[in-house]
Amino acid sequence: MSKSLSKTLSQASILALLGGSALFTQAANAEPTGYNQISFNVEANQEVENDQVTATLYKQAQATTPKRLATELNTAMNQALNIAKRYPTVTASTGQQHTYPKYDDNGKIVGWTGRVSIDLQSNDFAKTSELVAKLQENLVVQNIQFGVSEKKQKQLEQELIKKASLQFKQQAQSLTETWDMSGYQIVNVSINSNGGYQPRPLMMMSDTAAKGGVPAQNFEAGNTQVGVTASGTIELIPFMK
């Protein structure tokens, strides 16, 4: 549920992000010579609480004819989608569908097997848990995952981009001073996001399950590590003799 961000920043963008350094501005307008170049990367990371859950449930069936199979599978999915409509905070969509024949020893088709699925996505853990339990009366859970919503991740990435850029600037200044140079200029910089890891959820059966139904689960969403890496090359400028 998480997307990767990858950008190559122009010199003008770098000036805006990293400007203000005396060491940098001495060489800001110089053309790279190809000498005294150093490549390095810095990382800015933050652990954030997962705020989104996704789930996939499916129905698998067998029948002697494609018509009977389609009838059973379509009925199951239509019923699942109608149930999901009762939960407006959960987005439900039709998932994948597969149908394949079953052969006997002589290669003759003797039946059909099919599978259809429904995908759920929501920021409302309680209602999603309740809906999953309701659907499990007829469907089987394929997977349940937790992650950071796109909106939340984008907001965090913007903050981490600034943090990584400042760390890149500080590292460039430190290298300039370490090598006794007068300044530096940026040859190239790319900024990439490595967020989106979704850990396996810890799910426990609820003590307050409805009688005769499938018990709901208590979701423990966990955290996700969102990170931004700034990688690039600078050219150190020696003192004029």
# chains A, B, ... in the order shown; residues from 1 in each chain; ligands from 1

$ select_by_dssp --residues "segment 117-158 of chain A" --states "strand (DSSP E)" --output "NGL selection string"
:A and (117-122 or 140-147)

$ residues_around --residues "segment 64-77 of chain A" --least-positions-apart "4" --cutoff "12 Å" --atoms "only C-alpha atoms" --output "MDAnalysis selection string"
chainID A and resid 57:60 81:84 92:103 109:119 135:140

$ residues_around --residues "Thr33 of chain A" --least-positions-apart "5" --cutoff "10 Å" --atoms "only C-alpha atoms" --output "PyMOL selection string"
chain A and resi 187+235-237

$ select_by_dssp --residues "segment 31-165 of chain A" --states "helix (DSSP H, G or I)" --output "number ranges by chain"
A: 66-84, 125-135, 150-165

$ residues_around --residues "Asn50 of chain A" --least-positions-apart "5" --cutoff "8 Å" --atoms "only C-alpha atoms" --output "list in words"
Phe146, Gly147, Val148, Ser149, Ala221, Gly222, Asn223 and Thr224 of chain A

$ write_last_selection --atoms "N, CA and C atoms" --output "short mmCIF file (atom, residue, chain, number, x, y, z; two decimals), in the first residue's frame"
data_model
loop_
_atom_site.label_atom_id
_atom_site.label_comp_id
_atom_site.auth_asym_id
_atom_site.auth_seq_id
_atom_site.Cartn_x
_atom_site.Cartn_y
_atom_site.Cartn_z
N PHE A 146 -0.88 -4.46 6.96
CA PHE A 146 -0.97 -3.10 7.48
C PHE A 146 0.14 -2.25 6.88
N GLY A 147 -0.14 -0.98 6.69
CA GLY A 147 0.86 -0.09 6.13
C GLY A 147 0.49 1.36 6.37
N VAL A 148 1.27 2.23 5.77
CA VAL A 148 1.04 3.67 5.89
C VAL A 148 0.26 4.14 4.68
N SER A 149 -0.79 4.91 4.90
CA SER A 149 -1.59 5.42 3.80
C SER A 149 -0.76 6.35 2.93
N ALA A 221 -1.68 -3.15 14.47
CA ALA A 221 -1.18 -2.71 13.17
C ALA A 221 0.34 -2.60 13.10
N GLY A 222 1.00 -2.29 14.23
CA GLY A 222 2.45 -2.16 14.21
C GLY A 222 2.91 -0.87 13.56
N ASN A 223 4.20 -0.79 13.27
CA ASN A 223 4.81 0.41 12.71
C ASN A 223 5.52 0.10 11.40
N THR A 224 5.76 1.14 10.63
CA THR A 224 6.52 1.02 9.38
C THR A 224 7.67 2.02 9.40
#

$ residues_around --residues "Met181 of chain A" --least-positions-apart "4" --cutoff "9 Å" --atoms "only C-alpha atoms" --output "ChimeraX atom specification"
/A:23,175-177,236-239

$ closest_residue --among "A:Ile234, A:Ala55, A:Ala126, A:Ile191" --to "Thr91 of chain A" --atoms "only C-alpha atoms"
A:Ala55

$ closest_residue --among "A:Glu47, A:Asn106, A:Phe125, A:Phe40" --to "Glu220 of chain A" --atoms "only C-alpha atoms"
A:Phe125

$ atom_distance --atom1 "atom CA of Asp105 of chain A" --atom2 "atom CA of Ala61 of chain A"
21.3 Å

$ closest_atom_pairs --of "segment 32-71 of chain A" --to "segment 161-171 of chain A" --cutoff "7 Å" --atoms "only C-alpha atoms" --output "JSON lines"
{"residue": "A:Val42", "atom": "CA", "partner": "A:Phe168", "partner_atom": "CA", "distance": 6.1}
{"residue": "A:Glu43", "atom": "CA", "partner": "A:Ala164", "partner_atom": "CA", "distance": 6.0}
{"residue": "A:Ala44", "atom": "CA", "partner": "A:Ala164", "partner_atom": "CA", "distance": 5.2}

$ closest_residue --among "A:Ala63, A:Val48, A:Val226, A:Val132" --to "Val90 of chain A" --atoms "only C-alpha atoms"
A:Val132

$ atom_distance --atom1 "atom CA of Ile38 of chain A" --atom2 "atom CA of Asn192 of chain A"
19.2 Å
